There are 2 protein chains.
Amino acid sequence: MKIGIDLGGTTVGIGVVDENYKIVAETEMRTADCKTPDELASIVLEGTRKLIESNHIDQKDITFIGMGCPGEIDTEKGIAVAADNLPIEKSPFAKLLTETFGAPARLDNDANCAAWGEHMAGVSKGYKNIVTVTLGTGIGGGIIVDGKLLHGKENHAGEIGHMVIDIHGKRCGCGRIGCWETMASTRALIKEVEHQARYAPNSRLGKLIAANGGHANGKTLFIAMSEEDNMARSIFNDWIRALEVGMWNVINIFRPDMIVISGGISNEGETLLAPLRNAVGKCSTLIRAGRLGGNAGLIGAAALDEMVI
Amino acid sequence: MKIGIDLGGTTVGIGVVDENYKIVAETEMRTADCKTPDELASIVLEGTRKLIESNHIDQKDITFIGMGCPGEIDTEKGIAVAADNLPIEKSPFAKLLTETFGAPARLDNDANCAAWGEHMAGVSKGYKNIVTVTLGTGIGGGIIVDGKLLHGKENHAGEIGHMVIDIHGKRCGCGRIGCWETMASTRALIKEVEHQARYAPNSRLGKLIAANGGHANGKTLFIAMSEEDNMARSIFNDWIRALEVGMWNVINIFRPDMIVISGGISNEGETLLAPLRNAVGKCSTLIRAGRLGGNAGLIGAAALDEMVI
């Protein structure tokens with residue numbers, strides 16, 4: 001039995017995973033109010049301890065603990081170095097977990113864990129070269145080359161959301177101009193929906209946003225499209241075009257066996273994938289939605305010991 | 001002793017390479033007038049035979065023959081599938097070379113061979129993750145991950161010149177819009193020099209171009225810059241900016257140990273590299289010019305047998 005931990009800025013998910021990468025027990029703890037690295041560590045350790053105890057698991061049966069963290073990771077030392085939305089300061093999670101629960105532990109970043117989860121137990125199982133594109137607030141990347149995660153120097157590889165596709169475009173949070181995620185992330189789409197709807201408050205989109213307190217979310221556009229709103233369709237088409245440009249960049253650079261689309265918006269399934277595949281056109285790279293949904297990171301973390309380093 | 005063959009649209013270079021990857025004998029044959037695959041094959045085979053004979057080499061001492069080809073390659077079968085500027089039609093070069101000279105043979109594409117040459121015997125020796133950027137008519141890429149060339153599906157990886165950096169930019173020969181090579185290749189620079197100089201025929205740049213029959217070449221801009229021509233400096237700065245954007249894309253995706261700049265323009269050395277490093281800014285990825293110059297492809301071809309597949 002293994003433990004997978006998926007640390008995020010709002011919650012941490014902790015799960016017991018069996019030898020077939022099924023989650024047999026899980027728990028979630030809030031991390032959003034954490035103020036110090038010590039507090040965060042004790043939430044993770046206490047949550048894990050309670051999960052083990054409440055499921056009557058013998059600690060000796062735990063063969064591995066894997067953890068996915070946002071931000072900068074030192075995978076070799078098992079240290080979470082820093083993160084934007086969490087009190088992480090060179091937090092030695094691998095050491096803490098091993099000392100507390102007596103099992104070997106590994107850390108990797110959250111996007112890599114999600115990619116690894118889909119590779120070990122999800123849609124990209126059996127393929128060796130895969131790029132996972134996670135659409136959310138930004139665009140995250142998990143790159144698998146020859147069956148191994150590509151970490152790059154200081155674990156900085158995979159920042160595909162900061163690939164510039166519009167040299168004259170909008171300023172990105174990273175300081176560069178025209179990064180892919182400024183145009184093609186879920187957040188970019190939602191912002192564009194809100195912006196465009198201001199010009200057409202009486203459109204279906206405008207009314208949906210008004211009914212939602214003036215804000216769009218990841219579903220607003222898709223609801224309007226299902227009701228055949230032309231403005232919604234037009235915003236969606238522009239977004240697909242930006243998504244496609246970055247997808248082809250990834251294809252031209254890696255020509256992977258598969259690109260896996262993950263993140264909440266991938267739940268839209270073929271509504272998203274069919275137009276995206278159509279925009280990409282003829283290509284030997286498969287384009288698929290992730291199969292593990294929000295569990296990919298947790299399962300991938302629990303499977304980190306399967307990766308030869 | 002090994003044979004390295006570097007097939008190009010104008011000439012084919014063939015060399016005998018010793019165990020330290022020094023070229024101990026070489027020859028060059030013209031390929032530009034070749035009309036048929038058979039004719040091309042006989043030029044390659046005849047050239048190799050003559051090189052061996054004229055240097056009194058015993059065929060038994062040849063342990064390996066490697067060949068770099070432009071266009072599409074089937075590395076597994078050792079077949080050159082197709083190329084834009086050469087009569088290649090599923091040409092089985094590996095088989096032909098082995099049958100003729102009795103040594104095992106391998107094929108790879110020319111950009112990969114150049115990257116491999118620099119890795120085995122040049123500037124990136126000792127590093128494991130390297131992206132080689134070849135600036136010329138287009139921008140070619142050779143990607144080494146964990147000490148192995150990244151081929152991708154159907155050997156289509158490494159097309160970094162067709163990474164879009166300007167979604168509203170110029171149409172590229174590949175059919176996409178705003179590919180990196182439309183802005184940052186040596187050809188793009190030369191075209192821009194010619195275009196801008198038309199507006200200022202009395203500038204230093206304008207006069208250099210007029211003196212050269214109305215055309216710029218890869219050195220024109222650098223001559224004008226050395227004479228402190230401001231227009232030349234301004235064109236160069238814009239080009240460096242486009243180059244830097246793509247370089248950072250490569251860095252954000254791979255965070256390699258090193259980016260190797262190759263192609264004729266890399267002979268400009270620090271005149272090119274210092275402003276490029278300055279534009280890239282603080283970064284853990286080293287940026288270096290190739291050390292083997294035009295021999296990188298030939299040497300890399302001869303070293304293809306050193307790559308574990």
# chains A, B, ... in the order shown; residues from 1 in each chain; ligands from 1
$ interface_residues --of "chain B" --to "chain A" --cutoff "9 Å" --atoms "only C-alpha atoms" --output "VMD selection string"
chain B and resid 129 141 143 145 to 146 150 to 169 176 178 242 245 to 246 248 to 257 284 to 285
$ residues_around --residues "B:Arg277" --least-positions-apart "3" --cutoff "10 Å" --atoms "only C-alpha atoms" --output "PDB file with N, CA and C atoms, in the first residue's frame"
ATOM      1  N   ILE B 240      17.766  40.182 -32.215  1.00  0.00           N
ATOM      2  CA  ILE B 240      18.157  39.568 -30.937  1.00  0.00           C
ATOM      3  C   ILE B 240      16.925  39.375 -30.051  1.00  0.00           C
ATOM      4  N   GLU B 244      15.809  35.894 -28.644  1.00  0.00           N
ATOM      5  CA  GLU B 244      15.703  35.724 -27.188  1.00  0.00           C
ATOM      6  C   GLU B 244      14.349  35.138 -26.789  1.00  0.00           C
ATOM      7  N   MET B 247      14.449  31.560 -27.487  1.00  0.00           N
ATOM      8  CA  MET B 247      15.405  30.924 -26.569  1.00  0.00           C
ATOM      9  C   MET B 247      14.759  30.702 -25.206  1.00  0.00           C
ATOM     10  N   GLU B 270      31.261  36.395 -29.899  1.00  0.00           N
ATOM     11  CA  GLU B 270      30.702  37.229 -28.825  1.00  0.00           C
ATOM     12  C   GLU B 270      29.883  38.412 -29.350  1.00  0.00           C
ATOM     13  N   LEU B 272      27.623  38.193 -31.394  1.00  0.00           N
ATOM     14  CA  LEU B 272      26.271  37.643 -31.353  1.00  0.00           C
ATOM     15  C   LEU B 272      25.896  37.197 -29.936  1.00  0.00           C
ATOM     16  N   LEU B 273      26.811  36.475 -29.289  1.00  0.00           N
ATOM     17  CA  LEU B 273      26.456  35.807 -28.035  1.00  0.00           C
ATOM     18  C   LEU B 273      26.311  36.761 -26.857  1.00  0.00           C
ATOM     19  N   ALA B 274      27.157  37.779 -26.793  1.00  0.00           N
ATOM     20  CA  ALA B 274      27.088  38.685 -25.636  1.00  0.00           C
ATOM     21  C   ALA B 274      25.730  39.400 -25.590  1.00  0.00           C
ATOM     22  N   VAL B 280      18.713  37.467 -22.770  1.00  0.00           N
ATOM     23  CA  VAL B 280      18.142  36.335 -22.032  1.00  0.00           C
ATOM     24  C   VAL B 280      18.168  36.626 -20.531  1.00  0.00           C
ATOM     25  N   GLY B 281      19.217  37.277 -20.081  1.00  0.00           N
ATOM     26  CA  GLY B 281      19.294  37.645 -18.660  1.00  0.00           C
ATOM     27  C   GLY B 281      19.732  36.485 -17.782  1.00  0.00           C
ATOM     28  N   LYS B 282      19.448  36.599 -16.496  1.00  0.00           N
ATOM     29  CA  LYS B 282      19.889  35.602 -15.520  1.00  0.00           C
ATOM     30  C   LYS B 282      19.190  34.282 -15.791  1.00  0.00           C
ATOM     31  N   CYS B 283      19.974  33.230 -15.908  1.00  0.00           N
ATOM     32  CA  CYS B 283      19.397  31.934 -16.270  1.00  0.00           C
ATOM     33  C   CYS B 283      20.415  30.848 -16.013  1.00  0.00           C
ATOM     34  N   LEU B 286      23.292  27.453 -19.741  1.00  0.00           N
ATOM     35  CA  LEU B 286      24.433  28.067 -20.436  1.00  0.00           C
ATOM     36  C   LEU B 286      24.083  28.316 -21.904  1.00  0.00           C
ATOM     37  N   ILE B 287      24.619  29.382 -22.460  1.00  0.00           N
ATOM     38  CA  ILE B 287      24.429  29.651 -23.885  1.00  0.00           C
ATOM     39  C   ILE B 287      25.806  29.739 -24.529  1.00  0.00           C
ATOM     40  N   ARG B 288      26.081  28.831 -25.474  1.00  0.00           N
ATOM     41  CA  ARG B 288      27.414  28.734 -26.065  1.00  0.00           C
ATOM     42  C   ARG B 288      27.303  28.585 -27.590  1.00  0.00           C
TER      43      ARG B 288
END
$ residues_around --residues "B:Gly15" --least-positions-apart "3" --cutoff "8 Å" --atoms "only C-alpha atoms" --output "PDB file with C-alpha atoms, in the first residue's frame"
ATOM      1  CA  ILE B   3      33.062   7.167 -41.690  1.00  0.00           C
ATOM      2  CA  GLY B   4      30.841  10.219 -41.265  1.00  0.00           C
ATOM      3  CA  ILE B   5      28.666  11.452 -44.128  1.00  0.00           C
ATOM      4  CA  ILE B  23      38.632  14.085 -39.079  1.00  0.00           C
ATOM      5  CA  VAL B  24      41.752  12.438 -40.538  1.00  0.00           C
ATOM      6  CA  ALA B  25      40.658  12.553 -44.192  1.00  0.00           C
ATOM      7  CA  GLU B  26      37.726  14.078 -46.017  1.00  0.00           C
ATOM      8  CA  THR B  27      36.204  14.779 -49.386  1.00  0.00           C
ATOM      9  CA  LEU B  51      37.968   8.434 -49.918  1.00  0.00           C
ATOM     10  CA  LEU B 298      29.893  14.885 -40.167  1.00  0.00           C
TER      11      LEU B 298
END
$ atom_distance --atom1 "atom CA of B:Glu181" --atom2 "atom CA of A:Leu189"
28.7 Å
$ residues_around --residues "stretch 214-222 of chain B" --least-positions-apart "5" --cutoff "12 Å" --atoms "only C-alpha atoms" --output "PDB file with C-alpha atoms, in the first residue's frame"
ATOM      1  CA  LEU B 135      20.483  29.369 -37.371  1.00  0.00           C
ATOM      2  CA  GLY B 136      20.445  29.389 -41.154  1.00  0.00           C
ATOM      3  CA  THR B 137      17.801  29.483 -43.865  1.00  0.00           C
ATOM      4  CA  SER B 185      16.695  32.814 -38.677  1.00  0.00           C
ATOM      5  CA  THR B 186      19.765  34.160 -40.478  1.00  0.00           C
ATOM      6  CA  ARG B 187      17.627  34.440 -43.602  1.00  0.00           C
ATOM      7  CA  ALA B 188      15.017  36.489 -41.738  1.00  0.00           C
ATOM      8  CA  LEU B 189      17.795  38.815 -40.584  1.00  0.00           C
ATOM      9  CA  ILE B 190      19.219  39.197 -44.086  1.00  0.00           C
ATOM     10  CA  LYS B 191      15.761  39.856 -45.551  1.00  0.00           C
ATOM     11  CA  GLU B 192      15.107  42.499 -42.900  1.00  0.00           C
ATOM     12  CA  VAL B 193      18.473  44.144 -43.602  1.00  0.00           C
ATOM     13  CA  GLU B 194      17.656  44.354 -47.316  1.00  0.00           C
ATOM     14  CA  HIS B 195      14.130  45.591 -46.622  1.00  0.00           C
ATOM     15  CA  GLN B 196      15.147  48.335 -44.176  1.00  0.00           C
ATOM     16  CA  ALA B 197      18.092  49.497 -46.268  1.00  0.00           C
ATOM     17  CA  ARG B 198      15.729  50.317 -49.137  1.00  0.00           C
ATOM     18  CA  PRO B 201      20.023  53.882 -49.409  1.00  0.00           C
ATOM     19  CA  SER B 203      23.196  54.698 -44.881  1.00  0.00           C
ATOM     20  CA  ARG B 204      26.310  52.611 -44.380  1.00  0.00           C
ATOM     21  CA  LEU B 205      24.123  49.521 -44.671  1.00  0.00           C
ATOM     22  CA  GLY B 206      22.528  50.819 -47.878  1.00  0.00           C
ATOM     23  CA  LYS B 207      25.927  51.422 -49.451  1.00  0.00           C
ATOM     24  CA  LEU B 208      27.289  48.026 -48.430  1.00  0.00           C
ATOM     25  CA  ILE B 209      24.280  46.362 -50.025  1.00  0.00           C
ATOM     26  CA  GLU B 227      31.432  50.770 -38.353  1.00  0.00           C
ATOM     27  CA  GLU B 228      28.927  52.026 -35.776  1.00  0.00           C
ATOM     28  CA  ASP B 229      25.950  52.260 -38.119  1.00  0.00           C
ATOM     29  CA  ASN B 230      22.907  52.945 -35.931  1.00  0.00           C
ATOM     30  CA  MET B 231      20.362  51.457 -38.309  1.00  0.00           C
ATOM     31  CA  ALA B 232      22.340  48.220 -38.406  1.00  0.00           C
ATOM     32  CA  ARG B 233      22.435  48.168 -34.597  1.00  0.00           C
ATOM     33  CA  SER B 234      18.682  48.739 -34.418  1.00  0.00           C
ATOM     34  CA  ILE B 235      17.900  45.902 -36.846  1.00  0.00           C
ATOM     35  CA  PHE B 236      20.266  43.648 -34.939  1.00  0.00           C
ATOM     36  CA  ASN B 237      18.589  44.502 -31.622  1.00  0.00           C
ATOM     37  CA  TRP B 239      16.508  40.330 -34.289  1.00  0.00           C
ATOM     38  CA  GLY B 263      25.102  27.694 -38.091  1.00  0.00           C
ATOM     39  CA  GLY B 264      27.401  30.050 -40.011  1.00  0.00           C
ATOM     40  CA  ILE B 265      26.315  33.129 -38.075  1.00  0.00           C
ATOM     41  CA  SER B 266      27.659  31.601 -34.850  1.00  0.00           C
ATOM     42  CA  ASN B 267      31.130  32.422 -36.228  1.00  0.00           C
ATOM     43  CA  GLU B 268      30.378  36.003 -35.160  1.00  0.00           C
ATOM     44  CA  GLY B 269      31.142  34.745 -31.643  1.00  0.00           C
ATOM     45  CA  GLU B 270      30.702  37.229 -28.825  1.00  0.00           C
ATOM     46  CA  THR B 271      29.310  39.900 -31.185  1.00  0.00           C
ATOM     47  CA  LEU B 272      26.271  37.643 -31.353  1.00  0.00           C
TER      48      LEU B 272
END
$ decode --residues "stretch 36-83 of chain A" --atoms "N, CA and C atoms" --output "short mmCIF file (atom, residue, chain, number, x, y, z; two decimals), in the first residue's frame"
data_model
loop_
_atom_site.label_atom_id
_atom_site.label_comp_id
_atom_site.auth_asym_id
_atom_site.auth_seq_id
_atom_site.Cartn_x
_atom_site.Cartn_y
_atom_site.Cartn_z
N THR A 36 2.53 29.30 8.67
CA THR A 36 3.97 29.01 8.78
C THR A 36 4.29 27.63 8.19
N PRO A 37 5.55 27.43 7.80
CA PRO A 37 5.98 26.11 7.30
C PRO A 37 5.71 25.00 8.32
N ASP A 38 5.91 25.28 9.60
CA ASP A 38 5.67 24.26 10.63
C ASP A 38 4.20 23.86 10.68
N GLU A 39 3.33 24.86 10.61
CA GLU A 39 1.89 24.60 10.63
C GLU A 39 1.49 23.73 9.43
N LEU A 40 2.04 24.09 8.25
CA LEU A 40 1.73 23.32 7.04
C LEU A 40 2.20 21.87 7.19
N ALA A 41 3.41 21.71 7.69
CA ALA A 41 3.96 20.36 7.86
C ALA A 41 3.10 19.55 8.82
N SER A 42 2.64 20.19 9.89
CA SER A 42 1.86 19.40 10.86
C SER A 42 0.49 19.04 10.30
N ILE A 43 -0.08 19.88 9.45
CA ILE A 43 -1.35 19.52 8.79
C ILE A 43 -1.15 18.28 7.92
N VAL A 44 -0.07 18.26 7.14
CA VAL A 44 0.21 17.14 6.25
C VAL A 44 0.47 15.87 7.06
N LEU A 45 1.30 15.98 8.09
CA LEU A 45 1.65 14.79 8.89
C LEU A 45 0.45 14.29 9.70
N GLU A 46 -0.29 15.22 10.31
CA GLU A 46 -1.47 14.83 11.10
C GLU A 46 -2.54 14.20 10.21
N GLY A 47 -2.76 14.81 9.04
CA GLY A 47 -3.75 14.29 8.10
C GLY A 47 -3.39 12.88 7.68
N THR A 48 -2.13 12.65 7.40
CA THR A 48 -1.68 11.33 6.99
C THR A 48 -1.86 10.32 8.14
N ARG A 49 -1.46 10.75 9.34
CA ARG A 49 -1.58 9.86 10.50
C ARG A 49 -3.05 9.45 10.73
N LYS A 50 -3.94 10.45 10.67
CA LYS A 50 -5.36 10.16 10.90
C LYS A 50 -5.93 9.23 9.83
N LEU A 51 -5.52 9.46 8.59
CA LEU A 51 -6.00 8.60 7.50
C LEU A 51 -5.58 7.16 7.74
N ILE A 52 -4.33 6.97 8.15
CA ILE A 52 -3.81 5.63 8.41
C ILE A 52 -4.57 4.99 9.58
N GLU A 53 -4.73 5.76 10.65
CA GLU A 53 -5.38 5.21 11.85
C GLU A 53 -6.85 4.90 11.61
N SER A 54 -7.57 5.86 11.02
CA SER A 54 -9.01 5.66 10.88
C SER A 54 -9.32 4.53 9.91
N ASN A 55 -8.37 4.14 9.08
CA ASN A 55 -8.59 3.02 8.17
C ASN A 55 -7.91 1.74 8.67
N HIS A 56 -7.43 1.80 9.93
CA HIS A 56 -6.82 0.63 10.57
C HIS A 56 -5.72 0.01 9.72
N ILE A 57 -4.89 0.88 9.18
CA ILE A 57 -3.79 0.40 8.35
C ILE A 57 -2.55 0.23 9.23
N ASP A 58 -1.88 -0.91 9.05
CA ASP A 58 -0.63 -1.13 9.77
C ASP A 58 0.48 -0.34 9.07
N GLN A 59 1.17 0.50 9.85
CA GLN A 59 2.19 1.37 9.25
C GLN A 59 3.23 0.58 8.47
N LYS A 60 3.46 -0.68 8.89
CA LYS A 60 4.46 -1.53 8.22
C LYS A 60 4.04 -1.87 6.79
N ASP A 61 2.73 -1.77 6.51
CA ASP A 61 2.25 -2.11 5.17
C ASP A 61 2.41 -0.96 4.17
N ILE A 62 2.81 0.19 4.67
CA ILE A 62 3.01 1.33 3.77
C ILE A 62 4.42 1.26 3.19
N THR A 63 4.48 1.05 1.87
CA THR A 63 5.79 0.83 1.24
C THR A 63 6.39 2.12 0.69
N PHE A 64 5.57 3.15 0.51
CA PHE A 64 6.08 4.38 -0.12
C PHE A 64 5.11 5.53 0.12
N ILE A 65 5.67 6.72 0.27
CA ILE A 65 4.85 7.93 0.36
C ILE A 65 5.34 8.93 -0.69
N GLY A 66 4.45 9.33 -1.58
CA GLY A 66 4.82 10.31 -2.61
C GLY A 66 4.00 11.57 -2.41
N MET A 67 4.62 12.70 -2.72
CA MET A 67 3.92 13.97 -2.48
C MET A 67 4.14 14.92 -3.64
N GLY A 68 3.06 15.52 -4.12
CA GLY A 68 3.14 16.55 -5.15
C GLY A 68 2.93 17.91 -4.52
N CYS A 69 3.80 18.88 -4.87
CA CYS A 69 3.73 20.22 -4.30
C CYS A 69 3.74 21.26 -5.41
N PRO A 70 3.08 22.38 -5.20
CA PRO A 70 3.21 23.47 -6.15
C PRO A 70 4.57 24.16 -5.96
N GLY A 71 4.94 24.96 -6.92
CA GLY A 71 6.14 25.78 -6.78
C GLY A 71 7.43 25.04 -7.07
N GLU A 72 8.49 25.50 -6.44
CA GLU A 72 9.83 25.00 -6.72
C GLU A 72 10.15 23.81 -5.82
N ILE A 73 10.66 22.74 -6.42
CA ILE A 73 10.94 21.50 -5.69
C ILE A 73 12.40 21.11 -5.90
N ASP A 74 13.01 20.58 -4.87
CA ASP A 74 14.29 19.89 -5.05
C ASP A 74 13.99 18.40 -4.95
N THR A 75 13.85 17.76 -6.11
CA THR A 75 13.42 16.35 -6.11
C THR A 75 14.49 15.46 -5.51
N GLU A 76 15.75 15.80 -5.73
CA GLU A 76 16.83 14.96 -5.20
C GLU A 76 16.82 14.91 -3.68
N LYS A 77 16.68 16.07 -3.07
CA LYS A 77 16.71 16.15 -1.60
C LYS A 77 15.32 15.97 -0.98
N GLY A 78 14.27 15.95 -1.82
CA GLY A 78 12.92 15.80 -1.28
C GLY A 78 12.45 17.02 -0.50
N ILE A 79 12.88 18.19 -0.98
CA ILE A 79 12.54 19.44 -0.30
C ILE A 79 11.62 20.29 -1.17
N ALA A 80 10.56 20.82 -0.57
CA ALA A 80 9.76 21.85 -1.24
C ALA A 80 10.43 23.19 -0.94
N VAL A 81 10.92 23.83 -1.99
CA VAL A 81 11.79 25.01 -1.79
C VAL A 81 10.98 26.28 -1.54
N ALA A 82 10.01 26.54 -2.40
CA ALA A 82 9.22 27.77 -2.28
C ALA A 82 7.95 27.63 -3.11
N ALA A 83 6.91 28.36 -2.73
CA ALA A 83 5.66 28.36 -3.50
C ALA A 83 4.97 29.71 -3.33
#
